[in-house]
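Shown next: my_file28.cif, given as mmCIF, C-alpha atoms.
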data_run
loop_
_atom_site.label_atom_id
_atom_site.label_comp_id
_atom_site.auth_asym_id
_atom_site.auth_seq_id
_atom_site.Cartn_x
_atom_site.Cartn_y
_atom_site.Cartn_z
CA MET V 1 -3.77 -6.16 27.04
CA GLY V 2 -2.08 -5.53 23.71
CA THR V 3 -1.88 -1.78 24.24
CA VAL V 4 -0.13 -2.19 27.62
CA VAL V 5 2.57 -4.28 25.95
CA GLU V 6 2.98 -1.86 23.07
CA ALA V 7 3.01 1.44 24.97
CA PRO V 8 6.71 1.33 26.06
CA LYS V 9 7.81 0.41 22.51
CA ARG V 10 6.29 3.56 21.12
CA GLU V 11 8.22 5.77 23.55
CA ALA V 12 11.47 4.04 22.66
CA TYR V 13 11.01 4.76 18.96
CA GLY V 14 9.65 8.29 19.27
CA SER V 15 6.65 9.14 17.13
CA LEU V 16 6.22 8.80 13.41
CA ALA V 17 4.83 12.33 13.18
CA GLU V 18 8.20 13.56 14.55
CA LYS V 19 10.09 11.58 11.91
CA LYS V 20 7.91 13.20 9.21
CA PRO V 21 8.44 10.48 6.60
CA THR V 22 7.24 10.78 3.02
CA VAL V 23 4.58 8.11 2.50
CA VAL V 24 3.23 6.99 -0.87
CA PHE V 25 0.33 4.52 -0.91
CA VAL V 26 0.49 2.09 -3.84
CA LEU V 27 -2.89 0.70 -4.89
CA GLY V 28 -4.09 -1.39 -7.79
CA GLY V 29 -6.07 -4.54 -8.47
CA PRO V 30 -4.58 -8.06 -8.48
CA GLY V 31 -2.29 -8.38 -11.49
CA SER V 32 -1.92 -4.62 -12.04
CA GLY V 33 1.87 -4.95 -11.73
CA LYS V 34 2.30 -3.10 -8.42
CA GLY V 35 5.08 -5.38 -7.16
CA THR V 36 7.22 -5.01 -10.28
CA GLN V 37 6.87 -1.23 -10.27
CA CYS V 38 7.56 -0.95 -6.52
CA ALA V 39 10.87 -2.77 -7.08
CA ASN V 40 11.72 -0.25 -9.85
CA ILE V 41 10.83 2.74 -7.63
CA VAL V 42 13.01 1.38 -4.79
CA GLU V 43 15.93 0.97 -7.19
CA HIS V 44 15.60 4.35 -8.93
CA PHE V 45 14.24 6.65 -6.23
CA GLY V 46 15.57 5.16 -2.98
CA TYR V 47 12.24 4.44 -1.30
CA THR V 48 11.75 1.61 1.18
CA HIS V 49 8.98 -0.77 0.10
CA LEU V 50 6.64 -1.96 2.85
CA SER V 51 3.91 -4.52 2.18
CA ALA V 52 1.23 -4.78 4.86
CA GLY V 53 0.71 -8.47 4.01
CA ASP V 54 4.44 -9.26 4.30
CA LEU V 55 4.64 -7.51 7.69
CA LEU V 56 1.68 -9.53 9.02
CA ARG V 57 3.24 -12.79 7.74
CA ALA V 58 6.62 -11.89 9.30
CA GLU V 59 4.94 -11.14 12.63
CA ILE V 60 3.19 -14.55 12.56
CA LYS V 61 6.50 -16.27 11.78
CA SER V 62 8.23 -14.48 14.67
CA GLY V 63 6.06 -16.46 17.11
CA SER V 64 5.34 -13.33 19.19
CA GLU V 65 2.15 -12.97 21.22
CA ASN V 66 0.97 -10.46 18.63
CA GLY V 67 1.82 -12.93 15.83
CA THR V 68 -0.19 -15.71 17.46
CA MET V 69 -3.18 -13.36 17.81
CA ILE V 70 -2.92 -12.38 14.12
CA GLN V 71 -2.65 -16.05 13.06
CA ASN V 72 -5.72 -17.02 15.10
CA MET V 73 -7.76 -14.18 13.61
CA ILE V 74 -6.80 -15.18 10.06
CA LYS V 75 -7.60 -18.85 10.83
CA GLU V 76 -11.03 -17.85 12.09
CA GLY V 77 -11.62 -15.85 8.91
CA LYS V 78 -11.64 -12.56 10.80
CA ILE V 79 -10.13 -9.37 9.45
CA VAL V 80 -7.01 -8.25 11.30
CA PRO V 81 -7.89 -4.90 12.98
CA SER V 82 -6.51 -1.81 11.27
CA GLU V 83 -4.65 -0.80 14.44
CA VAL V 84 -2.61 -4.04 14.39
CA THR V 85 -1.49 -3.59 10.78
CA ILE V 86 -0.80 0.12 11.35
CA LYS V 87 1.33 -0.60 14.45
CA LEU V 88 3.44 -2.99 12.34
CA LEU V 89 3.82 -0.39 9.57
CA GLU V 90 4.64 2.30 12.13
CA LYS V 91 7.27 0.10 13.83
CA ALA V 92 8.86 -0.79 10.46
CA MET V 93 9.05 2.90 9.49
CA LEU V 94 10.49 4.00 12.83
CA GLU V 95 13.13 1.26 12.84
CA ASN V 96 14.16 2.01 9.26
CA GLY V 97 16.79 4.67 8.64
CA ASN V 98 15.02 5.83 5.48
CA ASP V 99 12.40 8.60 5.45
CA LYS V 100 10.65 7.67 2.17
CA PHE V 101 8.24 4.75 2.08
CA LEU V 102 6.05 2.99 -0.45
CA ILE V 103 3.18 1.28 1.35
CA ASP V 104 1.85 -1.41 -0.91
CA GLY V 105 -1.66 -2.88 -0.76
CA PHE V 106 -2.75 -0.63 2.11
CA PRO V 107 -5.13 0.98 3.01
CA ARG V 108 -7.44 -1.78 1.79
CA ASN V 109 -10.58 0.10 2.79
CA GLU V 110 -11.86 3.40 4.16
CA GLU V 111 -11.59 2.21 7.76
CA ASN V 112 -7.87 1.37 7.23
CA ARG V 113 -7.32 4.79 5.71
CA ALA V 114 -9.00 6.76 8.50
CA ALA V 115 -7.25 4.70 11.18
CA PHE V 116 -3.81 5.16 9.55
CA GLU V 117 -4.16 8.94 9.50
CA ALA V 118 -5.56 9.03 13.05
CA VAL V 119 -2.87 6.76 14.55
CA THR V 120 0.20 8.06 12.68
CA GLN V 121 -0.91 11.70 12.19
CA ILE V 122 0.44 11.34 8.65
CA GLU V 123 -1.26 11.79 5.30
CA PRO V 124 0.28 10.24 2.20
CA GLU V 125 2.22 12.53 -0.11
CA PHE V 126 0.15 10.96 -2.89
CA VAL V 127 -1.47 7.68 -3.96
CA LEU V 128 0.03 5.83 -6.90
CA PHE V 129 -2.93 4.06 -8.49
CA PHE V 130 -2.28 1.38 -11.10
CA ALA V 131 -5.43 1.38 -13.23
CA CYS V 132 -5.94 -1.74 -15.30
CA SER V 133 -8.99 -3.39 -16.87
CA GLU V 134 -10.36 -6.58 -15.33
CA GLU V 135 -9.75 -8.40 -18.63
CA GLU V 136 -6.05 -7.46 -18.69
CA MET V 137 -5.50 -8.38 -15.03
CA GLU V 138 -7.30 -11.68 -15.58
CA LYS V 139 -5.11 -12.45 -18.59
CA ARG V 140 -1.91 -11.69 -16.66
CA LEU V 141 -2.87 -13.71 -13.60
CA LEU V 142 -3.96 -16.70 -15.67
CA SER V 143 -0.71 -16.76 -17.60
CA ARG V 144 1.12 -16.59 -14.24
CA ASN V 145 -0.90 -19.36 -12.55
CA GLN V 146 -0.88 -22.52 -14.59
CA GLY V 147 -3.49 -24.25 -12.44
CA ARG V 148 -7.12 -25.20 -13.10
CA GLU V 149 -8.43 -22.30 -15.10
CA ASP V 150 -11.95 -22.22 -13.69
CA ASP V 151 -10.75 -22.07 -10.11
CA ASN V 152 -8.33 -19.35 -11.02
CA ILE V 153 -10.88 -17.23 -12.86
CA GLU V 154 -13.32 -17.56 -9.98
CA THR V 155 -10.71 -16.59 -7.37
CA ILE V 156 -9.38 -13.77 -9.52
CA ARG V 157 -12.88 -12.32 -10.00
CA LYS V 158 -13.54 -12.52 -6.27
CA ARG V 159 -10.28 -10.67 -5.55
CA PHE V 160 -11.13 -8.10 -8.19
CA ASN V 161 -14.60 -7.51 -6.70
CA VAL V 162 -13.14 -7.11 -3.21
CA PHE V 163 -10.72 -4.54 -4.63
CA LEU V 164 -13.57 -2.62 -6.33
CA GLU V 165 -15.80 -2.63 -3.26
CA SER V 166 -13.16 -1.92 -0.61
CA SER V 167 -10.15 -0.17 -2.13
CA LEU V 168 -11.75 1.96 -4.82
CA PRO V 169 -13.49 4.24 -2.24
CA VAL V 170 -9.99 4.94 -0.81
CA VAL V 171 -8.78 5.98 -4.28
CA GLN V 172 -11.88 8.17 -4.71
CA TYR V 173 -11.35 9.82 -1.32
CA TYR V 174 -7.76 10.81 -2.17
CA GLU V 175 -8.84 11.80 -5.68
CA SER V 176 -11.15 14.37 -4.09
CA LYS V 177 -8.07 15.79 -2.32
CA GLY V 178 -6.03 15.91 -5.53
CA LYS V 179 -3.63 13.25 -4.24
CA VAL V 180 -4.09 10.46 -6.80
CA ARG V 181 -1.51 9.83 -9.54
CA LYS V 182 -3.21 7.45 -11.93
CA ILE V 183 -1.02 5.18 -14.06
CA ASP V 184 -2.26 3.25 -17.09
CA ALA V 185 -1.01 -0.16 -15.95
CA ALA V 186 -2.22 -2.02 -19.06
CA LYS V 187 0.83 -0.89 -21.04
CA PRO V 188 4.12 -2.84 -21.23
CA ILE V 189 6.26 -2.75 -18.05
CA ALA V 190 8.84 -0.27 -19.42
CA GLU V 191 6.15 2.18 -20.55
CA VAL V 192 4.37 1.91 -17.20
CA PHE V 193 7.64 2.72 -15.43
CA ASP V 194 8.19 5.74 -17.70
CA ALA V 195 4.85 7.08 -16.43
CA VAL V 196 5.83 6.24 -12.82
CA LYS V 197 9.17 8.02 -13.25
CA ALA V 198 7.37 11.14 -14.49
CA VAL V 199 5.22 11.17 -11.31
CA PHE V 200 8.25 10.90 -8.99
CA ALA V 201 10.24 13.44 -11.00
CA ALA V 202 7.30 15.88 -10.71
CA LYS V 203 7.25 15.27 -6.94
CA HIS V 204 10.93 16.27 -6.67
CA GLU V 205 10.24 19.38 -8.75
CA LYS V 206 7.36 20.24 -6.43
CA VAL V 207 9.69 20.07 -3.43
CA LYS V 208 11.73 22.86 -5.04
CA HIS V 209 8.62 24.97 -5.63
CA HIS V 210 6.82 24.07 -2.44
CA SER V 211 4.93 27.33 -2.12
CA ARG V 212 3.14 26.78 -5.41
CA VAL V 213 -0.07 24.81 -4.96
CA THR V 214 -1.38 22.96 -7.99
CA LEU V 215 -4.97 21.82 -8.12
#
Can you give me the file's structure in the form of C-alpha coordinates?
Amino acid sequence: MGTVVEAPKREAYGSLAEKKPTVVFVLGGPGSGKGTQCANIVEHFGYTHLSAGDLLRAEIKSGSENGTMIQNMIKEGKIVPSEVTIKLLEKAMLENGNDKFLIDGFPRNEENRAAFEAVTQIEPEFVLFFACSEEEMEKRLLSRNQGREDDNIETIRKRFNVFLESSLPVVQYYESKGKVRKIDAAKPIAEVFDAVKAVFAAKHEKVKHHSRVTL
(Lines of atoms letter the chains of each structure in order from A and count residues from 1; the text may use other names and numbers.)
(Lines give C-alpha, C1' and ligand atoms only; values in the text may rest on other atoms or scores of the structure.)
Protein backbone atom coordinates (compact mmCIF):
# COMPACT_ATOMS: atom_id res chain seq x y z
CA MET A 1 0.00 0.00 0.00
CA GLY A 2 2.77 2.41 0.93
CA THR A 3 4.29 2.40 -2.54
CA VAL A 4 0.96 3.30 -4.19
CA VAL A 5 0.71 6.38 -1.96
CA GLU A 6 4.30 7.39 -2.58
CA ALA A 7 4.49 6.90 -6.36
CA PRO A 8 2.84 10.23 -7.36
CA LYS A 9 5.07 12.16 -4.92
CA ARG A 10 8.18 10.94 -6.65
CA GLU A 11 6.99 12.19 -10.05
CA ALA A 12 6.20 15.60 -8.60
CA TYR A 13 9.71 16.01 -7.24
CA GLY A 14 11.60 14.52 -10.19
CA SER A 15 14.38 12.10 -9.37
CA LEU A 16 17.35 12.57 -7.10
CA ALA A 17 19.68 11.19 -9.77
CA GLU A 18 18.58 14.11 -12.01
CA LYS A 19 19.34 16.61 -9.25
CA LYS A 20 22.84 15.10 -8.91
CA PRO A 21 23.44 16.30 -5.36
CA THR A 22 26.78 15.97 -3.60
CA VAL A 23 26.28 13.58 -0.68
CA VAL A 24 28.72 13.10 2.19
CA PHE A 25 27.98 10.35 4.73
CA VAL A 26 29.07 11.26 8.26
CA LEU A 27 29.83 8.25 10.47
CA GLY A 28 31.33 7.83 13.90
CA GLY A 29 30.58 6.14 17.20
CA PRO A 30 28.43 7.67 19.97
CA GLY A 31 30.32 10.62 21.45
CA SER A 32 32.71 11.01 18.50
CA GLY A 33 31.56 14.63 18.06
CA LYS A 34 29.73 14.22 14.73
CA GLY A 35 26.96 16.68 15.61
CA THR A 36 29.33 19.48 16.59
CA GLN A 37 31.41 19.05 13.44
CA CYS A 38 28.33 18.82 11.17
CA ALA A 39 27.20 22.22 12.52
CA ASN A 40 30.67 23.64 11.69
CA ILE A 41 30.60 22.18 8.15
CA VAL A 42 27.12 23.66 7.52
CA GLU A 43 28.34 27.07 8.67
CA HIS A 44 31.64 27.08 6.75
CA PHE A 45 30.89 25.06 3.62
CA GLY A 46 27.17 25.62 3.02
CA TYR A 47 26.02 22.00 3.25
CA THR A 48 22.55 21.01 4.44
CA HIS A 49 22.70 18.64 7.42
CA LEU A 50 20.23 15.73 7.35
CA SER A 51 19.93 13.31 10.25
CA ALA A 52 18.08 10.08 9.49
CA GLY A 53 16.92 9.87 13.13
CA ASP A 54 15.56 13.44 13.10
CA LEU A 55 13.66 12.79 9.85
CA LEU A 56 12.04 9.65 11.30
CA ARG A 57 11.06 11.54 14.49
CA ALA A 58 9.63 14.43 12.44
CA GLU A 59 7.59 11.99 10.34
CA ILE A 60 6.16 10.39 13.51
CA LYS A 61 5.26 13.84 14.88
CA SER A 62 3.51 14.79 11.63
CA GLY A 63 0.85 12.15 12.37
CA SER A 64 0.93 10.88 8.76
CA GLU A 65 0.06 7.29 7.88
CA ASN A 66 3.76 6.70 7.26
CA GLY A 67 4.59 8.25 10.66
CA THR A 68 2.14 5.98 12.47
CA MET A 69 3.66 2.93 10.74
CA ILE A 70 7.18 4.04 11.77
CA GLN A 71 6.05 4.64 15.38
CA ASN A 72 4.42 1.20 15.60
CA MET A 73 7.55 -0.50 14.26
CA ILE A 74 9.76 1.30 16.79
CA LYS A 75 7.31 0.43 19.61
CA GLU A 76 7.45 -3.23 18.63
CA GLY A 77 11.25 -3.09 18.65
CA LYS A 78 11.46 -3.64 14.90
CA ILE A 79 13.99 -1.94 12.68
CA VAL A 80 12.48 0.63 10.33
CA PRO A 81 13.04 -0.70 6.76
CA SER A 82 15.85 0.97 4.82
CA GLU A 83 13.41 2.00 2.07
CA VAL A 84 11.34 4.07 4.53
CA THR A 85 14.35 6.01 5.84
CA ILE A 86 15.74 6.45 2.31
CA LYS A 87 12.39 7.80 1.02
CA LEU A 88 12.46 10.41 3.82
CA LEU A 89 16.06 11.37 2.98
CA GLU A 90 15.23 11.49 -0.73
CA LYS A 91 12.16 13.70 -0.12
CA ALA A 92 14.17 16.06 2.13
CA MET A 93 16.90 16.39 -0.52
CA LEU A 94 14.46 16.97 -3.38
CA GLU A 95 12.50 19.60 -1.45
CA ASN A 96 15.66 21.43 -0.40
CA GLY A 97 17.10 24.06 -2.71
CA ASN A 98 20.65 23.06 -1.81
CA ASP A 99 22.64 20.46 -3.76
CA LYS A 100 25.18 19.57 -1.02
CA PHE A 101 24.15 17.31 1.84
CA LEU A 102 25.71 15.83 4.95
CA ILE A 103 23.85 12.66 5.88
CA ASP A 104 24.53 11.96 9.52
CA GLY A 105 24.28 8.55 11.19
CA PHE A 106 23.32 6.76 7.98
CA PRO A 107 23.88 4.20 6.51
CA ARG A 108 23.85 2.31 9.80
CA ASN A 109 24.61 -1.02 8.16
CA GLU A 110 25.49 -2.67 4.85
CA GLU A 111 21.83 -3.23 3.97
CA ASN A 112 21.13 0.53 4.41
CA ARG A 113 24.10 1.34 2.22
CA ALA A 114 23.17 -1.00 -0.64
CA ALA A 115 19.53 0.12 -0.53
CA PHE A 116 20.47 3.84 -0.58
CA GLU A 117 22.59 3.41 -3.70
CA ALA A 118 19.98 1.21 -5.40
CA VAL A 119 17.03 3.52 -4.64
CA THR A 120 18.68 6.91 -5.23
CA GLN A 121 21.23 5.86 -7.89
CA ILE A 122 23.71 8.02 -5.97
CA GLU A 123 27.03 7.16 -4.38
CA PRO A 124 28.47 9.42 -1.70
CA GLU A 125 31.24 11.79 -2.73
CA PHE A 126 33.08 10.48 0.33
CA VAL A 127 32.52 9.25 3.88
CA LEU A 128 33.67 11.44 6.74
CA PHE A 129 34.60 8.99 9.49
CA PHE A 130 35.20 10.30 12.99
CA ALA A 131 37.55 7.74 14.55
CA CYS A 132 37.68 7.82 18.33
CA SER A 133 38.67 5.26 20.97
CA GLU A 134 35.96 3.65 23.08
CA GLU A 135 37.60 5.07 26.23
CA GLU A 136 37.45 8.64 24.92
CA MET A 137 33.83 8.34 23.74
CA GLU A 138 32.87 6.80 27.07
CA LYS A 139 34.52 9.66 28.95
CA ARG A 140 32.74 12.29 26.84
CA LEU A 141 29.32 10.68 27.12
CA LEU A 142 29.63 10.19 30.87
CA SER A 143 30.59 13.80 31.45
CA ARG A 144 27.57 14.78 29.31
CA ASN A 145 25.07 12.48 31.07
CA GLN A 146 25.06 13.06 34.79
CA GLY A 147 22.85 10.06 35.53
CA ARG A 148 23.57 6.72 37.21
CA GLU A 149 27.02 5.85 35.97
CA ASP A 150 26.56 2.09 35.69
CA ASP A 151 23.46 2.40 33.55
CA ASN A 152 25.21 4.91 31.37
CA ILE A 153 28.34 2.82 30.89
CA GLU A 154 26.24 -0.24 30.05
CA THR A 155 24.12 1.67 27.51
CA ILE A 156 27.15 3.39 26.03
CA ARG A 157 28.97 0.08 25.57
CA LYS A 158 25.91 -1.45 23.91
CA ARG A 159 25.70 1.50 21.50
CA PHE A 160 29.40 1.24 20.81
CA ASN A 161 29.14 -2.49 20.05
CA VAL A 162 26.20 -1.91 17.71
CA PHE A 163 28.29 0.71 15.91
CA LEU A 164 31.25 -1.70 15.58
CA GLU A 165 29.13 -4.60 14.33
CA SER A 166 26.83 -2.67 11.99
CA SER A 167 28.45 0.57 10.84
CA LEU A 168 32.10 -0.40 10.67
CA PRO A 169 31.52 -2.75 7.67
CA VAL A 170 30.06 0.29 5.83
CA VAL A 171 33.24 2.26 6.55
CA GLN A 172 35.35 -0.71 5.38
CA TYR A 173 33.34 -1.03 2.16
CA TYR A 174 33.89 2.63 1.24
CA GLU A 175 37.52 2.39 2.36
CA SER A 176 38.01 -0.29 -0.29
CA LYS A 177 36.73 2.25 -2.85
CA GLY A 178 39.06 4.99 -1.60
CA LYS A 179 36.13 7.08 -0.37
CA VAL A 180 36.83 7.30 3.38
CA ARG A 181 38.27 10.48 4.93
CA LYS A 182 39.30 9.44 8.43
CA ILE A 183 39.43 12.13 11.12
CA ASP A 184 41.13 11.69 14.49
CA ALA A 185 38.14 12.72 16.61
CA ALA A 186 39.93 12.32 19.95
CA LYS A 187 41.60 15.73 19.56
CA PRO A 188 40.09 19.02 20.83
CA ILE A 189 37.12 20.34 18.81
CA ALA A 190 39.09 23.11 17.04
CA GLU A 191 41.84 20.70 15.94
CA VAL A 192 39.26 18.19 14.71
CA PHE A 193 37.62 20.93 12.64
CA ASP A 194 41.00 21.92 11.17
CA ALA A 195 41.29 18.35 9.87
CA VAL A 196 37.69 18.46 8.58
CA LYS A 197 38.36 21.77 6.81
CA ALA A 198 41.39 20.23 5.07
CA VAL A 199 39.18 17.40 3.73
CA PHE A 200 36.56 19.79 2.32
CA ALA A 201 39.20 22.14 0.92
CA ALA A 202 40.81 19.16 -0.87
CA LYS A 203 37.39 18.23 -2.27
CA HIS A 204 37.01 21.72 -3.80
CA GLU A 205 40.52 21.47 -5.26
CA LYS A 206 39.59 18.10 -6.76
CA VAL A 207 36.59 19.66 -8.50
CA LYS A 208 39.03 21.96 -10.32
CA HIS A 209 41.22 19.02 -11.35
CA HIS A 210 38.45 16.54 -11.96
CA SER A 211 40.28 14.55 -14.61
CA ARG A 212 43.04 13.60 -12.20
CA VAL A 213 42.22 10.42 -10.29
CA THR A 214 43.98 9.92 -6.98
CA LEU A 215 44.15 6.49 -5.42
Please report, as CSV, each residue of segment 81-159 of chain V lying at most 10 Å from segment 179-187 of chain V, together with the nearest pair of atoms and the separation in Å rounded to one decimal; use only C-alpha atoms, and order rows by chain and ascending residue number.
residue,atom,partner,partner_atom,distance
V:Glu123,CA,V:Lys179,CA,9.9
V:Pro124,CA,V:Lys179,CA,8.1
V:Glu125,CA,V:Lys179,CA,7.2
V:Phe126,CA,V:Lys179,CA,4.6
V:Val127,CA,V:Val180,CA,4.8
V:Leu128,CA,V:Arg181,CA,5.0
V:Phe129,CA,V:Lys182,CA,4.8
V:Phe130,CA,V:Ile183,CA,5.0
V:Ala131,CA,V:Asp184,CA,5.3
V:Cys132,CA,V:Ala185,CA,5.2
V:Ser133,CA,V:Ala186,CA,7.2
V:Glu135,CA,V:Ala186,CA,9.9
V:Glu136,CA,V:Ala186,CA,6.7
V:Met137,CA,V:Ala186,CA,8.2
V:Arg140,CA,V:Ala186,CA,10.0
Quiz item: Counting only C-alpha atoms, which of V:Pro81, V:Pro30, V:Gly67, V:Gly14 gets nearest to Asn109 of chain V?
Solution: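 Using only C-alpha atoms, the shortest distance to Asn109 of chain V belongs to V:Pro81.
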Self-check item: Target residues per the PyMOL selection byres ((chain V and resi 44) around 12), formatted as a list in words
Solution: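 So the PyMOL selection byres ((chain V and resi 44) around 12), applied here, picks out Gln37, Cys38, Ala39, Asn40, Ile41, Val42, Glu43, Phe45, Gly46, Tyr47, Thr48, Phe193, Asp194, Val196, Lys197, Phe200 and Ala201 of chain V.
Atom CA of Phe106 of chain V to atom CA of Val170 of chain V spans 9.6 Å [interatomic distance, one decimal].
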Practice problem: Apply the PyMOL selection byres ((chain V and resi 16-21) around 7) to the file shown and report the selected residues as a PyMOL selection string. | Solution: chain V and resi 14-15+22-23+90+94+99-100+120-122
Quiz item: Once the PyMOL selection byres ((chain V and resi 52) around 9) has been applied to the shown file, what residues remain in the selection, as a VMD selection string?
Solution: chain V and resid 50 to 51 53 to 57 85 to 86 88 to 89 103 to 107
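Put simply, atom CA of Ser167 of chain V is 7.4 Å away from atom CA of Glu110 of chain V.
Between Ser143 of chain V and the residues V:Ile70, V:Gly31, V:Val192, V:Arg113, the shortest atom-to-atom distance, using all atoms listed in the file, involves V:Gly31.
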Quiz item: If you measure from atom CA of Gly33 of chain V to atom CA of Met93 of chain V, what distance in Å do you get, rounded to one decimal?
Solution: 23.7 Å
Practice problem: Please identify all polymer residues within 9 Å of segment 154-165 of chain V, counting all atoms listed in the file, omitting same-chain residues fewer than 6 positions from it, and present them as number ranges by chain. | Solution: V: 28-30, 108-109, 134, 137-138, 141-142
Next, the residues of the selection above should be written as a CSV table (one decimal), keeping the file's coordinate frame with C-alpha atoms.
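Result file follows (part_27.csv):
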chain,number,residue,atom,x,y,z
V,28,GLY,CA,-4.1,-1.4,-7.8
V,29,GLY,CA,-6.1,-4.5,-8.5
V,30,PRO,CA,-4.6,-8.1,-8.5
V,108,ARG,CA,-7.4,-1.8,1.8
V,109,ASN,CA,-10.6,0.1,2.8
V,134,GLU,CA,-10.4,-6.6,-15.3
V,137,MET,CA,-5.5,-8.4,-15.0
V,138,GLU,CA,-7.3,-11.7,-15.6
V,141,LEU,CA,-2.9,-13.7,-13.6
V,142,LEU,CA,-4.0,-16.7,-15.7
Write out N, CA and C atoms for segment 117-142 of chain V, as a tab-separated table (two decimals), keeping the file's coordinate frame.
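Full text of result_19.tsv as output:
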chain	number	residue	atom	x	y	z
V	117	GLU	N	-4.38	7.50	9.31
V	117	GLU	CA	-4.16	8.94	9.50
V	117	GLU	C	-4.34	9.34	10.97
V	118	ALA	N	-5.31	8.70	11.63
V	118	ALA	CA	-5.56	9.03	13.05
V	118	ALA	C	-4.41	8.56	13.94
V	119	VAL	N	-3.92	7.34	13.70
V	119	VAL	CA	-2.87	6.76	14.55
V	119	VAL	C	-1.51	7.42	14.28
V	120	THR	N	-1.15	7.59	13.01
V	120	THR	CA	0.20	8.06	12.68
V	120	THR	C	0.29	9.59	12.58
V	121	GLN	N	-0.87	10.24	12.43
V	121	GLN	CA	-0.91	11.70	12.19
V	121	GLN	C	-0.20	12.06	10.88
V	122	ILE	N	-0.24	11.12	9.93
V	122	ILE	CA	0.44	11.34	8.65
V	122	ILE	C	-0.55	11.10	7.51
V	123	GLU	N	-0.50	12.00	6.53
V	123	GLU	CA	-1.26	11.79	5.30
V	123	GLU	C	-0.26	11.41	4.22
V	124	PRO	N	-0.67	10.58	3.26
V	124	PRO	CA	0.28	10.24	2.20
V	124	PRO	C	0.60	11.45	1.34
V	125	GLU	N	1.81	11.48	0.83
V	125	GLU	CA	2.22	12.53	-0.11
V	125	GLU	C	1.30	12.45	-1.33
V	126	PHE	N	1.12	11.22	-1.83
V	126	PHE	CA	0.15	10.96	-2.89
V	126	PHE	C	-0.13	9.46	-2.95
V	127	VAL	N	-1.10	9.09	-3.76
V	127	VAL	CA	-1.47	7.68	-3.96
V	127	VAL	C	-1.13	7.32	-5.40
V	128	LEU	N	-0.31	6.31	-5.57
V	128	LEU	CA	0.03	5.83	-6.90
V	128	LEU	C	-0.97	4.73	-7.23
V	129	PHE	N	-1.85	5.01	-8.19
V	129	PHE	CA	-2.93	4.06	-8.49
V	129	PHE	C	-2.70	3.43	-9.86
V	130	PHE	N	-2.49	2.12	-9.85
V	130	PHE	CA	-2.28	1.38	-11.10
V	130	PHE	C	-3.64	0.93	-11.65
V	131	ALA	N	-4.12	1.67	-12.65
V	131	ALA	CA	-5.43	1.38	-13.23
V	131	ALA	C	-5.27	0.38	-14.37
V	132	CYS	N	-6.06	-0.67	-14.31
V	132	CYS	CA	-5.94	-1.74	-15.30
V	132	CYS	C	-7.30	-2.41	-15.44
V	133	SER	N	-7.67	-2.77	-16.67
V	133	SER	CA	-8.99	-3.39	-16.87
V	133	SER	C	-9.01	-4.80	-16.27
V	134	GLU	N	-10.21	-5.23	-15.91
V	134	GLU	CA	-10.36	-6.58	-15.33
V	134	GLU	C	-9.86	-7.64	-16.31
V	135	GLU	N	-10.15	-7.42	-17.61
V	135	GLU	CA	-9.75	-8.40	-18.63
V	135	GLU	C	-8.22	-8.56	-18.66
V	136	GLU	N	-7.52	-7.42	-18.63
V	136	GLU	CA	-6.05	-7.46	-18.69
V	136	GLU	C	-5.46	-8.13	-17.45
V	137	MET	N	-6.01	-7.80	-16.28
V	137	MET	CA	-5.50	-8.38	-15.03
V	137	MET	C	-5.74	-9.89	-15.02
V	138	GLU	N	-6.93	-10.27	-15.51
V	138	GLU	CA	-7.30	-11.68	-15.58
V	138	GLU	C	-6.30	-12.44	-16.46
V	139	LYS	N	-6.02	-11.84	-17.61
V	139	LYS	CA	-5.11	-12.45	-18.59
V	139	LYS	C	-3.72	-12.64	-17.96
V	140	ARG	N	-3.24	-11.62	-17.28
V	140	ARG	CA	-1.91	-11.69	-16.66
V	140	ARG	C	-1.85	-12.75	-15.57
V	141	LEU	N	-2.88	-12.76	-14.72
V	141	LEU	CA	-2.87	-13.71	-13.60
V	141	LEU	C	-3.01	-15.15	-14.09
V	142	LEU	N	-3.79	-15.33	-15.14
V	142	LEU	CA	-3.96	-16.70	-15.67
V	142	LEU	C	-2.68	-17.20	-16.31
